[in-house]
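*Asks:* Sharing a structure below in structure tokens format, with a few things to ask.
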Amino acid sequence: RGQTAYNEHCASCHGDDLTGRDMASALAGPDFTANWDDLTLDDLFERMRATMPADAPRSLTRAQYADIVSYILSKNAFPVGASEVSTENDALKKIKILASKP
């Protein structure tokens, strides 16, 4: 679901391979992990909701944003959790994005 939503709403700016284009930042690789290191999934989720898609912020459902976050994490080889990425802010605040294993 995340890949489908990403392809439909994000790939035209961020690239099919999540490496970014023009003014759109990379969502995979060292630039992504450096930008989001030590922040929470809620930080990423809310930034996406507030600003993306650039031409229609907040236009997707919370579930679609969560699916896209999940897809981004998978493309960055983050470990898979026991459950789906939550749509609830309190749960997302408990998960940190770490560039390297602690």
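Ordering of the structure tokens sets the chain letters (A, B, ...), residue numbers begin anew at 1 in every chain, and ligands are numbered from 1 in the order given.
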Could you give me, as a PyMOL selection string, the residues within 12 Å of region 83-88 of chain A, counting only C-alpha atoms and dropping anything in the same chain fewer than 4 positions from it?

*Replies:* chain A and resi 1-2+41-42+44-46+49+61-74+79+92-95

*Asks:* Keeping N, CA, C and O atoms for every residue in the selection just given, could you write it to a file as an mmCIF file, in the first residue's frame?

*Replies:*
```
data_model
loop_
_atom_site.group_PDB
_atom_site.id
_atom_site.type_symbol
_atom_site.label_atom_id
_atom_site.label_comp_id
_atom_site.auth_asym_id
_atom_site.auth_seq_id
_atom_site.Cartn_x
_atom_site.Cartn_y
_atom_site.Cartn_z
ATOM 1 N N ARG A 1 0.827 -1.204 0.000
ATOM 2 C CA ARG A 1 0.000 0.000 0.000
ATOM 3 C C ARG A 1 0.858 1.250 0.000
ATOM 4 O O ARG A 1 0.521 2.228 -0.652
ATOM 5 N N GLY A 2 1.941 1.236 0.776
ATOM 6 C CA GLY A 2 2.804 2.401 0.860
ATOM 7 C C GLY A 2 3.456 2.740 -0.465
ATOM 8 O O GLY A 2 3.547 3.909 -0.843
ATOM 9 N N LEU A 41 9.082 9.225 14.568
ATOM 10 C CA LEU A 41 8.201 8.994 13.420
ATOM 11 C C LEU A 41 7.091 10.030 13.380
ATOM 12 O O LEU A 41 6.624 10.397 12.308
ATOM 13 N N ASP A 42 6.699 10.532 14.549
ATOM 14 C CA ASP A 42 5.684 11.578 14.575
ATOM 15 C C ASP A 42 6.196 12.853 13.906
ATOM 16 O O ASP A 42 5.443 13.520 13.189
ATOM 17 N N LEU A 44 8.310 13.034 11.407
ATOM 18 C CA LEU A 44 8.240 12.769 9.967
ATOM 19 C C LEU A 44 6.793 12.775 9.489
ATOM 20 O O LEU A 44 6.460 13.433 8.496
ATOM 21 N N PHE A 45 5.939 12.065 10.192
ATOM 22 C CA PHE A 45 4.522 11.952 9.833
ATOM 23 C C PHE A 45 3.868 13.332 9.765
ATOM 24 O O PHE A 45 3.199 13.666 8.780
ATOM 25 N N GLU A 46 4.079 14.138 10.797
ATOM 26 C CA GLU A 46 3.433 15.456 10.833
ATOM 27 C C GLU A 46 4.029 16.416 9.809
ATOM 28 O O GLU A 46 3.310 17.237 9.244
ATOM 29 N N ARG A 49 2.347 15.423 6.615
ATOM 30 C CA ARG A 49 0.944 15.863 6.593
ATOM 31 C C ARG A 49 0.827 17.367 6.365
ATOM 32 O O ARG A 49 -0.055 17.825 5.644
ATOM 33 N N THR A 61 -5.305 10.665 3.559
ATOM 34 C CA THR A 61 -5.795 10.192 4.845
ATOM 35 C C THR A 61 -4.609 9.909 5.760
ATOM 36 O O THR A 61 -3.474 9.732 5.301
ATOM 37 N N ARG A 62 -4.868 9.843 7.049
ATOM 38 C CA ARG A 62 -3.807 9.492 8.001
ATOM 39 C C ARG A 62 -3.239 8.116 7.663
ATOM 40 O O ARG A 62 -2.037 7.895 7.778
ATOM 41 N N ALA A 63 -4.097 7.206 7.230
ATOM 42 C CA ALA A 63 -3.631 5.861 6.861
ATOM 43 C C ALA A 63 -2.689 5.915 5.662
ATOM 44 O O ALA A 63 -1.689 5.197 5.624
ATOM 45 N N GLN A 64 -2.990 6.753 4.676
ATOM 46 C CA GLN A 64 -2.109 6.880 3.515
ATOM 47 C C GLN A 64 -0.753 7.445 3.919
ATOM 48 O O GLN A 64 0.284 6.967 3.460
ATOM 49 N N TYR A 65 -0.739 8.468 4.783
ATOM 50 C CA TYR A 65 0.536 9.002 5.251
ATOM 51 C C TYR A 65 1.321 7.933 6.009
ATOM 52 O O TYR A 65 2.529 7.799 5.828
ATOM 53 N N ALA A 66 0.650 7.162 6.855
ATOM 54 C CA ALA A 66 1.324 6.095 7.603
ATOM 55 C C ALA A 66 1.893 5.043 6.648
ATOM 56 O O ALA A 66 3.007 4.550 6.848
ATOM 57 N N ASP A 67 1.145 4.697 5.613
ATOM 58 C CA ASP A 67 1.630 3.732 4.627
ATOM 59 C C ASP A 67 2.870 4.261 3.909
ATOM 60 O O ASP A 67 3.826 3.520 3.662
ATOM 61 N N ILE A 68 2.882 5.540 3.587
ATOM 62 C CA ILE A 68 4.038 6.139 2.914
ATOM 63 C C ILE A 68 5.242 6.169 3.861
ATOM 64 O O ILE A 68 6.366 5.860 3.452
ATOM 65 N N VAL A 69 5.025 6.512 5.115
ATOM 66 C CA VAL A 69 6.113 6.469 6.098
ATOM 67 C C VAL A 69 6.687 5.061 6.161
ATOM 68 O O VAL A 69 7.911 4.867 6.149
ATOM 69 N N SER A 70 5.825 4.071 6.214
ATOM 70 C CA SER A 70 6.275 2.674 6.254
ATOM 71 C C SER A 70 7.116 2.329 5.030
ATOM 72 O O SER A 70 8.168 1.679 5.141
ATOM 73 N N TYR A 71 6.677 2.756 3.872
ATOM 74 C CA TYR A 71 7.417 2.494 2.633
ATOM 75 C C TYR A 71 8.786 3.182 2.675
ATOM 76 O O TYR A 71 9.807 2.573 2.319
ATOM 77 N N ILE A 72 8.836 4.420 3.123
ATOM 78 C CA ILE A 72 10.109 5.144 3.231
ATOM 79 C C ILE A 72 11.058 4.411 4.178
ATOM 80 O O ILE A 72 12.241 4.228 3.882
ATOM 81 N N LEU A 73 10.546 3.969 5.316
ATOM 82 C CA LEU A 73 11.383 3.231 6.272
ATOM 83 C C LEU A 73 11.909 1.942 5.656
ATOM 84 O O LEU A 73 13.081 1.594 5.831
ATOM 85 N N SER A 74 11.054 1.237 4.923
ATOM 86 C CA SER A 74 11.497 -0.022 4.311
ATOM 87 C C SER A 74 12.575 0.221 3.265
ATOM 88 O O SER A 74 13.539 -0.540 3.169
ATOM 89 N N PRO A 79 14.421 -1.707 10.452
ATOM 90 C CA PRO A 79 13.812 -2.997 10.812
ATOM 91 C C PRO A 79 12.293 -2.934 10.795
ATOM 92 O O PRO A 79 11.700 -1.896 11.096
ATOM 93 N N LEU A 92 3.425 7.244 17.521
ATOM 94 C CA LEU A 92 4.526 7.638 16.639
ATOM 95 C C LEU A 92 5.620 8.386 17.400
ATOM 96 O O LEU A 92 6.799 8.298 17.042
ATOM 97 N N LYS A 93 5.265 9.087 18.453
ATOM 98 C CA LYS A 93 6.245 9.832 19.254
ATOM 99 C C LYS A 93 7.182 8.895 20.013
ATOM 100 O O LYS A 93 8.250 9.307 20.441
ATOM 101 N N LYS A 94 6.790 7.653 20.187
ATOM 102 C CA LYS A 94 7.593 6.680 20.947
ATOM 103 C C LYS A 94 8.651 5.988 20.087
ATOM 104 O O LYS A 94 9.452 5.221 20.609
ATOM 105 N N ILE A 95 8.669 6.253 18.784
ATOM 106 C CA ILE A 95 9.601 5.567 17.879
ATOM 107 C C ILE A 95 10.557 6.597 17.303
ATOM 108 O O ILE A 95 10.152 7.526 16.612
#
```

*Asks:* Find the residues near Pro30 (chain A): any atom within 12 Å, counting only C-alpha atoms, skip ones fewer than 2 places away on the same chain, and give them as a list of chain:residue names.

*Replies:* A:Leu18, A:Thr19, A:Ser25, A:Ala26, A:Leu27, A:Ala28, A:Phe32, A:Thr33, A:Ala34, A:Asn35, A:Trp36, A:Asp37, A:Lys75, A:Asn76, A:Ala77, A:Leu98, A:Ala99, A:Ser100

*Asks:* From chain A, collect each residue whose DSSP state is strand (DSSP E or B) and return the set as a PyMOL selection string.

*Replies:* chain A and resi 21+24+39-40+96-97

*Asks:* Got a sec to tell me which of chain A DSSP assigns to helix (DSSP H, G or I), as number ranges by chain?

*Replies:* A: 2-9, 11-14, 30-36, 41-51, 62-75, 89-92

*Asks:* Interatomic distance between CA of Ser12 (chain A) and CA of Gly81 (chain A)?

*Replies:*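 Taking CA of Ser12 (chain A) and CA of Gly81 (chain A), their separation equals 28.3 Å.
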